[in-house]
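*Asks:* Pasting a structure here, questions to come.
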Amino acid sequence: MQTILSWGALFVVGSVGTLVLGLLTKWVDRKVTARVQWRVGPPWYQPFADVLKLLGKETIVPEHAGPGFLVAPLAGFAATCLAATVIWVANVRPDLSFVGDVIVVIYLLAIPSLMIILGGSMSGNPHGAVGASREMKLLLAYELPFVFAVLAVILGATGERTLSLGAIARSPMRGSLATLACVVGFLISIFCIQAKLGLVPFDIAEAETEIMGGPFVEYSGAPLAMFYLTKAMLFATLPAFVVTVFWGGFGPGTGGWILGFLKYLVVVVAVVLMRNTNPRVRIDHALKFFWFGLTPAGVIAAALAMAGTP
Amino acid sequence: MGLRLWALKKSPWVYHVNVGACNNCDIEVVNCLTPAFDVERFGMVLVPTPRHADALLVTGFCSRQAKPRLQEIYRQTPKPCVVFCIGACACSMGIFADSYHAAGPVDSVIREVDPDAIIAYVPGCPPRPQAIIAGAVKALQSL
């Protein structure tokens with residue numbers, strides 16, 4: 001009973017904290033983008049105002065929308081909250097972290113993409129359908145190298161094998177970019193989170209200029225706000241996951257947390273700069289890049305970890 | 001001022017509708033997004049679909065072909081929303097006033113759908129980006 005209650009409290013704190021952090025990260029993204037383009041950019045509360053405004057607007061459900069149209073944003077949001085909680089628990093209380101939570105997080109992080117596919121195909125709009133099909137291809141493309149990159153850390157070049165996120169985060173040698181396998185995995189995962197976040201060069205599914213926002217084309221008001229929040233929370237969760245798995249994690253102690261957030265900011269800014277200096281790639285190019293470029297690199301990283309090369 | 005109204009004023013997402021403009025007004029609208037004017041300072045971003053929009057930036061005199069489309073786009077926009085008539089043509093049909101192919105002006109076309117629509121006018125041929133930003137500020141203040 002006590003465990004359930006403490007997990008419940010952790011879930012609420014973790015979700016709200018990630019929500020605030022995600023919206024602030026969204027602002028960092030927009031501000032850095034603006035500075036890259038020699039603009040001033042929006043004030044810090046801009047993402048908060050966006051969400052509040054969307055929650056206050058009319059919600060329109062298209063006539064031809066399917067039954068999953070309104071469920072998809074909520075399910076994606078819930079999965080993101082849960083994934084964020086597991087990741088923060090692994091950093092705050094590594095003893096509460098359970099065996100196999102890496103696998104749980106990888107599955108939970110795939111759900112928002114699946115819900116975008118569901119919402120897009122349920123919207124009854126051809127642009128939504130095209131966006132959903134592109135998102136599906138992209139999901140097939142980036143999941144494999146992402147899993148291989150994480151596998152390189154799980155196999156652990158310099159320690160015993162573990163499937164617990166807490167153990168990975170606290171292992172002195174494993175997740176600190178100390179081994180070649182870890183460095184390769186880190187670089188692969190940066191590309192994968194870029195695609196998971198749907199940012200340029202992998203914003204093929206949304207592609208404002210060709211398919212009008214893709215899966216989100218028919219969403220308005222509160223459901224759109226849920227998708228906005230999901231994207232913002234993923235913007236906090238995915239870099240936090242990468243920092244936790246590949247780069248030593250957050251904490252312990254105040255100094256450790258400050259260092260952790262600095263690492264987090266480095267990952268976020270790297271993602272934002274990549275987004276601002278690249279054009280959108282075509283879906284087949286993205287597929288080739290992930291399957292024939294990054295997947296072999298991931299296999300090599302996992303093999304290096306297996307062989308125990310430092 | 002309620003939280004909802006504050007959020008609406010701080011984050012107006014705009015959708016650009018061309019109903020028969022000569023492209024000058026469109027260039028000036030896009031000009032507002034450039035580093036020189038940067039309307040993202042006020043939270044304004046160009047969105048790809050009317051479903052996400054809070055403001056419709058309508059340019060052009062509204063031809064007979066465009067009229068049903070404009071009305072459909074207005075119906076698709078979640079309320080509350082503001083309609084901006086950008087340029088002399090959208091405000092008063094300009095030199096197309098007595099043309100056989102004109103169905104405008106924009107405000108009467110919108111009022112056919114919704115008599116209580118909030119409509120702001122930015123005259124000029126084309127209006128300068130400063131004028132468009134001033135019009136947006138006045139429209140937001142009047143909410």
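By convention in this document, the chains of the structure tokens carry letters A, B, ... by their order, each chain's residues are numbered from 1, and ligands are numbered from 1 in the order they are shown.
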Please produce, as a tab-separated table, a per-residue contact table for region 46-121 of chain A versus region 28-46 of chain B (criterion: any atom at most 10 Å away, only C-alpha atoms considered), showing the nearest atom pair and its distance in Å to one decimal, sorted by chain then residue number.

*Replies:*
```
residue	atom	partner	partner_atom	distance
A:Gln46	CA	B:Gly43	CA	6.4
A:Pro47	CA	B:Gly43	CA	8.9
A:Ala49	CA	B:Gly43	CA	8.6
A:Asp50	CA	B:Gly43	CA	8.2
```

*Asks:* Excluding Ala303 (chain A) and residues on its chain fewer than 4 positions from it, collect all residues at most 8 Å away from it, counting only C-alpha atoms, and give them as a ChimeraX atom specification.

*Replies:* /A:152,299,307

*Asks:* How would the residues just chosen look if you wrote them out with C-alpha atoms as a PDB file, in the first residue's frame?

*Replies:*
```pdb
ATOM      1  CA  ALA A 152      25.340  -0.987 -25.832  1.00  0.00           C
ATOM      2  CA  VAL A 299      25.393  -3.033 -33.846  1.00  0.00           C
ATOM      3  CA  ALA A 307      33.725  -7.513 -26.178  1.00  0.00           C
TER       4      ALA A 307
END
```

*Asks:* Calculated over only C-alpha atoms, which of the candidates B:Cys125, B:Cys22, B:Cys81, B:Val47 has the smallest distance to Leu140 (chain B)?

*Replies:*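 Selected residue with least distance to Leu140 (chain B): B:Cys81.
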
*Asks:* Return as a VMD selection string the full set of residues in region 1-140 of chain B whose backbone-based DSSP assignment is helix (DSSP H, G or I).

*Replies:* chain B and resid 3 to 10 24 to 31 39 to 42 50 to 52 66 to 76 88 to 92 94 to 96 106 to 113 129 to 140

*Asks:* For the residues in the current selection, export C-alpha atoms as a PDB file, in the first residue's frame.

*Replies:*
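Dumped to out_25.pdb:
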```
ATOM      1  CA  LEU B   3      -6.425  34.096 -17.456  1.00  0.00           C
ATOM      2  CA  ARG B   4      -8.112  32.883 -20.633  1.00  0.00           C
ATOM      3  CA  LEU B   5      -8.185  36.340 -22.190  1.00  0.00           C
ATOM      4  CA  TRP B   6      -4.611  37.015 -21.112  1.00  0.00           C
ATOM      5  CA  ALA B   7      -3.449  33.788 -22.784  1.00  0.00           C
ATOM      6  CA  LEU B   8      -5.412  34.623 -25.949  1.00  0.00           C
ATOM      7  CA  LYS B   9      -3.796  38.050 -26.157  1.00  0.00           C
ATOM      8  CA  LYS B  10      -0.315  36.691 -25.531  1.00  0.00           C
ATOM      9  CA  ASN B  24       1.931  42.495 -52.326  1.00  0.00           C
ATOM     10  CA  CYS B  25      -0.027  42.227 -49.070  1.00  0.00           C
ATOM     11  CA  ASP B  26       1.125  38.612 -48.701  1.00  0.00           C
ATOM     12  CA  ILE B  27       4.743  39.717 -48.963  1.00  0.00           C
ATOM     13  CA  GLU B  28       4.139  42.353 -46.289  1.00  0.00           C
ATOM     14  CA  VAL B  29       2.446  39.785 -44.021  1.00  0.00           C
ATOM     15  CA  VAL B  30       5.426  37.455 -44.334  1.00  0.00           C
ATOM     16  CA  ASN B  31       7.663  40.473 -43.806  1.00  0.00           C
ATOM     17  CA  VAL B  39       6.167  39.257 -34.381  1.00  0.00           C
ATOM     18  CA  GLU B  40       7.088  36.067 -32.483  1.00  0.00           C
ATOM     19  CA  ARG B  41       8.080  38.535 -29.732  1.00  0.00           C
ATOM     20  CA  PHE B  42       4.328  38.886 -29.143  1.00  0.00           C
ATOM     21  CA  PRO B  50      -7.256  27.188 -39.705  1.00  0.00           C
ATOM     22  CA  ARG B  51      -7.997  24.668 -36.929  1.00  0.00           C
ATOM     23  CA  HIS B  52      -4.979  25.988 -35.001  1.00  0.00           C
ATOM     24  CA  ALA B  66     -12.931  32.463 -53.248  1.00  0.00           C
ATOM     25  CA  LYS B  67     -16.084  33.492 -51.364  1.00  0.00           C
ATOM     26  CA  PRO B  68     -17.379  30.007 -50.368  1.00  0.00           C
ATOM     27  CA  ARG B  69     -13.850  28.956 -49.459  1.00  0.00           C
ATOM     28  CA  LEU B  70     -13.335  31.970 -47.214  1.00  0.00           C
ATOM     29  CA  GLN B  71     -16.655  31.307 -45.482  1.00  0.00           C
ATOM     30  CA  GLU B  72     -15.711  27.646 -45.027  1.00  0.00           C
ATOM     31  CA  ILE B  73     -12.343  28.605 -43.547  1.00  0.00           C
ATOM     32  CA  TYR B  74     -14.066  30.986 -41.131  1.00  0.00           C
ATOM     33  CA  ARG B  75     -16.410  28.187 -40.032  1.00  0.00           C
ATOM     34  CA  GLN B  76     -13.426  25.830 -39.581  1.00  0.00           C
ATOM     35  CA  ALA B  88      -7.153  48.236 -49.430  1.00  0.00           C
ATOM     36  CA  CYS B  89      -8.747  45.387 -51.444  1.00  0.00           C
ATOM     37  CA  ALA B  90      -9.751  43.386 -48.364  1.00  0.00           C
ATOM     38  CA  CYS B  91     -11.069  46.507 -46.597  1.00  0.00           C
ATOM     39  CA  SER B  92     -13.048  48.069 -49.450  1.00  0.00           C
ATOM     40  CA  GLY B  94     -10.121  48.836 -53.854  1.00  0.00           C
ATOM     41  CA  ILE B  95      -9.984  49.133 -57.652  1.00  0.00           C
ATOM     42  CA  PHE B  96     -12.067  45.943 -58.054  1.00  0.00           C
ATOM     43  CA  VAL B 106     -14.207  40.579 -46.980  1.00  0.00           C
ATOM     44  CA  ASP B 107     -16.125  41.920 -43.979  1.00  0.00           C
ATOM     45  CA  SER B 108     -19.553  41.491 -45.585  1.00  0.00           C
ATOM     46  CA  VAL B 109     -18.611  37.976 -46.757  1.00  0.00           C
ATOM     47  CA  ILE B 110     -17.628  37.026 -43.190  1.00  0.00           C
ATOM     48  CA  ARG B 111     -20.722  38.725 -41.701  1.00  0.00           C
ATOM     49  CA  GLU B 112     -22.927  36.522 -43.900  1.00  0.00           C
ATOM     50  CA  VAL B 113     -21.650  33.578 -41.835  1.00  0.00           C
ATOM     51  CA  PRO B 129       4.523  45.824 -41.647  1.00  0.00           C
ATOM     52  CA  GLN B 130       4.408  48.498 -38.929  1.00  0.00           C
ATOM     53  CA  ALA B 131       0.771  49.174 -39.870  1.00  0.00           C
ATOM     54  CA  ILE B 132      -0.072  45.449 -39.679  1.00  0.00           C
ATOM     55  CA  ILE B 133       1.543  45.184 -36.227  1.00  0.00           C
ATOM     56  CA  ALA B 134      -0.275  48.362 -35.081  1.00  0.00           C
ATOM     57  CA  GLY B 135      -3.561  46.887 -36.333  1.00  0.00           C
ATOM     58  CA  ALA B 136      -2.896  43.651 -34.455  1.00  0.00           C
ATOM     59  CA  VAL B 137      -2.140  45.574 -31.242  1.00  0.00           C
ATOM     60  CA  LYS B 138      -5.351  47.623 -31.568  1.00  0.00           C
ATOM     61  CA  ALA B 139      -7.445  44.510 -32.262  1.00  0.00           C
ATOM     62  CA  LEU B 140      -5.993  42.710 -29.238  1.00  0.00           C
TER      63      LEU B 140
END
```

*Asks:* Which one is closest to Ala181 (chain A): A:Ala302, A:Glu210, A:Gly128, A:Arg282? Count only C-alpha atoms.

*Replies:*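 Closest residue, counting only C-alpha atoms: A:Ala302.
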
*Asks:* Please identify all polymer residues within 12 Å of Leu262 (chain A), counting only C-alpha atoms, omitting same-chain residues fewer than 5 positions from it, and present them as a compact mmCIF listing (two decimals) with N, CA and C atoms, in the first residue's frame.

*Replies:*
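This went into selection.txt:
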```txt
# COMPACT_ATOMS: atom_id res chain seq x y z
N PRO A 239 15.73 14.11 -23.72
CA PRO A 239 17.09 14.47 -23.32
C PRO A 239 17.44 13.96 -21.92
N ALA A 240 16.46 13.96 -21.00
CA ALA A 240 16.74 13.44 -19.66
C ALA A 240 17.08 11.96 -19.72
N VAL A 243 20.60 11.64 -21.08
CA VAL A 243 21.59 12.00 -20.05
C VAL A 243 21.68 10.89 -19.01
N TRP A 247 25.14 9.43 -20.05
CA TRP A 247 26.04 10.50 -19.60
C TRP A 247 26.02 10.67 -18.09
N GLY A 249 23.76 10.59 -15.76
CA GLY A 249 22.52 10.93 -15.05
C GLY A 249 22.62 12.19 -14.22
N PHE A 250 21.56 12.42 -13.42
CA PHE A 250 21.48 13.60 -12.55
C PHE A 250 21.85 13.17 -11.13
N GLY A 251 22.41 14.10 -10.36
CA GLY A 251 22.70 13.83 -8.97
C GLY A 251 23.85 12.84 -8.82
N GLY A 255 25.37 19.51 -6.30
CA GLY A 255 26.34 19.68 -7.39
C GLY A 255 26.05 18.74 -8.53
N GLY A 256 25.70 17.49 -8.18
CA GLY A 256 25.38 16.49 -9.20
C GLY A 256 24.17 16.90 -10.02
N TRP A 257 23.16 17.48 -9.34
CA TRP A 257 21.95 17.89 -10.06
C TRP A 257 22.23 19.07 -10.97
N VAL A 267 22.49 18.77 -24.33
CA VAL A 267 21.77 17.89 -25.26
C VAL A 267 20.66 18.67 -25.97
N VAL A 268 19.90 19.48 -25.19
CA VAL A 268 18.79 20.24 -25.78
C VAL A 268 19.30 21.21 -26.83
N VAL A 269 20.38 21.94 -26.50
CA VAL A 269 20.87 22.94 -27.44
C VAL A 269 21.45 22.26 -28.68
```

*Asks:* Using 12 Å as the limit and counting only C-alpha atoms, can you tabulate each residue of chain A that touches chain B, with its shortest atom-to-atom distance in Å and the two atoms involved, as a Markdown table?

*Replies:*
```
| residue | atom | partner | partner_atom | distance |
| --- | --- | --- | --- | --- |
| A:Trp27 | CA | B:Gly43 | CA | 11.1 |
| A:Arg30 | CA | B:Glu40 | CA | 9.2 |
| A:Lys31 | CA | B:Arg41 | CA | 9.7 |
| A:Thr33 | CA | B:Glu40 | CA | 11.1 |
| A:Ala34 | CA | B:Pro35 | CA | 8.4 |
| A:Arg35 | CA | B:Pro35 | CA | 9.5 |
| A:Val36 | CA | B:Pro35 | CA | 10.3 |
| A:Gln37 | CA | B:Pro35 | CA | 6.9 |
| A:Trp38 | CA | B:Pro35 | CA | 5.9 |
| A:Arg39 | CA | B:Pro35 | CA | 4.6 |
| A:Val40 | CA | B:Arg41 | CA | 6.5 |
| A:Gly41 | CA | B:Arg41 | CA | 5.0 |
| A:Pro42 | CA | B:Arg41 | CA | 4.3 |
| A:Pro43 | CA | B:Arg41 | CA | 6.7 |
| A:Trp44 | CA | B:Arg41 | CA | 10.3 |
| A:Tyr45 | CA | B:Lys10 | CA | 9.2 |
| A:Gln46 | CA | B:Gly43 | CA | 6.4 |
| A:Pro47 | CA | B:Ser11 | CA | 8.7 |
| A:Phe48 | CA | B:Ala7 | CA | 8.2 |
| A:Ala49 | CA | B:Ala7 | CA | 4.6 |
| A:Asp50 | CA | B:Ser11 | CA | 5.6 |
| A:Val51 | CA | B:Ala7 | CA | 8.2 |
| A:Leu52 | CA | B:Ala7 | CA | 5.8 |
| A:Lys53 | CA | B:Ala7 | CA | 4.8 |
| A:Leu54 | CA | B:Leu8 | CA | 8.3 |
| A:Leu55 | CA | B:Arg4 | CA | 8.4 |
| A:Gly56 | CA | B:Arg4 | CA | 5.9 |
| A:Lys57 | CA | B:Lys79 | CA | 6.4 |
| A:Glu58 | CA | B:Pro78 | CA | 5.1 |
| A:Thr59 | CA | B:Pro78 | CA | 6.8 |
| A:Ile60 | CA | B:Pro78 | CA | 6.8 |
| A:Val61 | CA | B:Arg51 | CA | 10.3 |
| A:Pro62 | CA | B:Gln76 | CA | 9.4 |
| A:Glu63 | CA | B:Gln76 | CA | 11.7 |
| A:Asn125 | CA | B:Thr49 | CA | 11.9 |
| A:His127 | CA | B:Thr49 | CA | 10.6 |
| A:Gly128 | CA | B:Thr49 | CA | 11.5 |
| A:Glu206 | CA | B:Pro48 | CA | 9.9 |
| A:Ala207 | CA | B:Pro48 | CA | 9.3 |
| A:Glu208 | CA | B:Pro48 | CA | 5.7 |
| A:Thr209 | CA | B:Pro48 | CA | 7.4 |
| A:Glu210 | CA | B:Pro48 | CA | 9.2 |
| A:Ile211 | CA | B:Pro48 | CA | 8.5 |
| A:Met212 | CA | B:Pro48 | CA | 4.8 |
| A:Gly213 | CA | B:Pro48 | CA | 6.2 |
| A:Gly214 | CA | B:Pro48 | CA | 9.5 |
| A:Pro215 | CA | B:Thr49 | CA | 11.4 |
| A:Phe216 | CA | B:His52 | CA | 8.9 |
| A:Val217 | CA | B:Thr49 | CA | 6.2 |
| A:Glu218 | CA | B:Arg51 | CA | 6.1 |
| A:Tyr219 | CA | B:Arg51 | CA | 6.3 |
| A:Ser220 | CA | B:Arg51 | CA | 5.2 |
| A:Gly221 | CA | B:Pro78 | CA | 7.3 |
| A:Ala222 | CA | B:His52 | CA | 10.8 |
| A:Pro223 | CA | B:His52 | CA | 10.9 |
| A:Leu224 | CA | B:His52 | CA | 8.0 |
| A:Ala225 | CA | B:His52 | CA | 10.1 |
| A:Tyr228 | CA | B:His52 | CA | 11.3 |
```

*Asks:* Those same residues - C-alpha atoms - I'd like them written as a PDB file, in the first residue's frame.

*Replies:*
```
ATOM      1  CA  TRP A  27      10.930  28.201 -24.761  1.00  0.00           C
ATOM      2  CA  ARG A  30      12.155  28.883 -29.620  1.00  0.00           C
ATOM      3  CA  LYS A  31      14.523  31.453 -28.128  1.00  0.00           C
ATOM      4  CA  THR A  33      15.963  29.356 -32.852  1.00  0.00           C
ATOM      5  CA  ALA A  34      15.149  33.076 -32.822  1.00  0.00           C
ATOM      6  CA  ARG A  35      18.710  34.033 -31.887  1.00  0.00           C
ATOM      7  CA  VAL A  36      20.096  31.816 -34.667  1.00  0.00           C
ATOM      8  CA  GLN A  37      17.890  33.747 -37.096  1.00  0.00           C
ATOM      9  CA  TRP A  38      18.897  37.128 -35.579  1.00  0.00           C
ATOM     10  CA  ARG A  39      15.446  37.630 -34.068  1.00  0.00           C
ATOM     11  CA  VAL A  40      14.531  38.534 -30.487  1.00  0.00           C
ATOM     12  CA  GLY A  41      12.198  35.627 -29.866  1.00  0.00           C
ATOM     13  CA  PRO A  42       9.276  35.115 -27.488  1.00  0.00           C
ATOM     14  CA  PRO A  43       9.249  35.806 -23.720  1.00  0.00           C
ATOM     15  CA  TRP A  44       9.825  32.917 -21.298  1.00  0.00           C
ATOM     16  CA  TYR A  45       6.123  32.390 -20.523  1.00  0.00           C
ATOM     17  CA  GLN A  46       5.195  31.940 -24.198  1.00  0.00           C
ATOM     18  CA  PRO A  47       4.613  28.123 -24.136  1.00  0.00           C
ATOM     19  CA  PHE A  48       2.509  28.502 -20.961  1.00  0.00           C
ATOM     20  CA  ALA A  49       0.353  31.158 -22.682  1.00  0.00           C
ATOM     21  CA  ASP A  50       0.019  28.909 -25.752  1.00  0.00           C
ATOM     22  CA  VAL A  51      -1.250  25.983 -23.672  1.00  0.00           C
ATOM     23  CA  LEU A  52      -3.663  28.121 -21.610  1.00  0.00           C
ATOM     24  CA  LYS A  53      -5.033  29.692 -24.780  1.00  0.00           C
ATOM     25  CA  LEU A  54      -5.548  26.335 -26.495  1.00  0.00           C
ATOM     26  CA  LEU A  55      -7.342  24.987 -23.408  1.00  0.00           C
ATOM     27  CA  GLY A  56      -9.735  27.962 -23.552  1.00  0.00           C
ATOM     28  CA  LYS A  57     -10.578  27.585 -27.237  1.00  0.00           C
ATOM     29  CA  GLU A  58     -13.423  25.787 -28.920  1.00  0.00           C
ATOM     30  CA  THR A  59     -12.853  22.065 -29.577  1.00  0.00           C
ATOM     31  CA  ILE A  60     -13.995  21.007 -33.030  1.00  0.00           C
ATOM     32  CA  VAL A  61     -14.457  17.310 -33.843  1.00  0.00           C
ATOM     33  CA  PRO A  62     -14.731  16.765 -37.617  1.00  0.00           C
ATOM     34  CA  GLU A  63     -17.780  14.973 -38.956  1.00  0.00           C
ATOM     35  CA  ASN A 125      -8.365  14.201 -43.362  1.00  0.00           C
ATOM     36  CA  HIS A 127      -3.254  15.320 -44.871  1.00  0.00           C
ATOM     37  CA  GLY A 128      -3.646  13.562 -41.522  1.00  0.00           C
ATOM     38  CA  GLU A 206       4.378  17.205 -39.713  1.00  0.00           C
ATOM     39  CA  ALA A 207       5.914  19.112 -42.627  1.00  0.00           C
ATOM     40  CA  GLU A 208       3.948  22.378 -42.295  1.00  0.00           C
ATOM     41  CA  THR A 209       4.867  23.473 -45.796  1.00  0.00           C
ATOM     42  CA  GLU A 210       3.606  20.350 -47.593  1.00  0.00           C
ATOM     43  CA  ILE A 211       0.978  18.533 -45.512  1.00  0.00           C
ATOM     44  CA  MET A 212      -0.198  21.317 -43.162  1.00  0.00           C
ATOM     45  CA  GLY A 213       0.904  19.821 -39.862  1.00  0.00           C
ATOM     46  CA  GLY A 214       0.118  16.234 -40.883  1.00  0.00           C
ATOM     47  CA  PRO A 215      -1.584  14.279 -38.065  1.00  0.00           C
ATOM     48  CA  PHE A 216      -2.451  17.495 -36.172  1.00  0.00           C
ATOM     49  CA  VAL A 217      -4.280  19.107 -39.077  1.00  0.00           C
ATOM     50  CA  GLU A 218      -7.798  18.615 -37.681  1.00  0.00           C
ATOM     51  CA  TYR A 219      -6.988  19.142 -34.001  1.00  0.00           C
ATOM     52  CA  SER A 220      -8.095  22.322 -32.246  1.00  0.00           C
ATOM     53  CA  GLY A 221      -8.543  23.577 -28.695  1.00  0.00           C
ATOM     54  CA  ALA A 222      -7.982  21.191 -25.774  1.00  0.00           C
ATOM     55  CA  PRO A 223      -6.907  18.064 -27.762  1.00  0.00           C
ATOM     56  CA  LEU A 224      -4.332  20.179 -29.586  1.00  0.00           C
ATOM     57  CA  ALA A 225      -3.183  21.469 -26.187  1.00  0.00           C
ATOM     58  CA  TYR A 228       1.369  20.387 -27.466  1.00  0.00           C
TER      59      TYR A 228
END
```

*Asks:* Let me make sure I understand: among A:Val147, A:Ile154, A:Leu139, A:Cys182, which one has the smallest atom-to-atom distance to Ala286 (chain A) if we use only C-alpha atoms?

*Replies:*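 Closest candidate: A:Leu139.
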
*Asks:* Work out how far CA of Ala75 (chain A) is from CA of Thr3 (chain A), in Å to one decimal.

*Replies:*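 Separation of CA of Thr3 (chain A) and CA of Ala75 (chain A): 24.3 Å.
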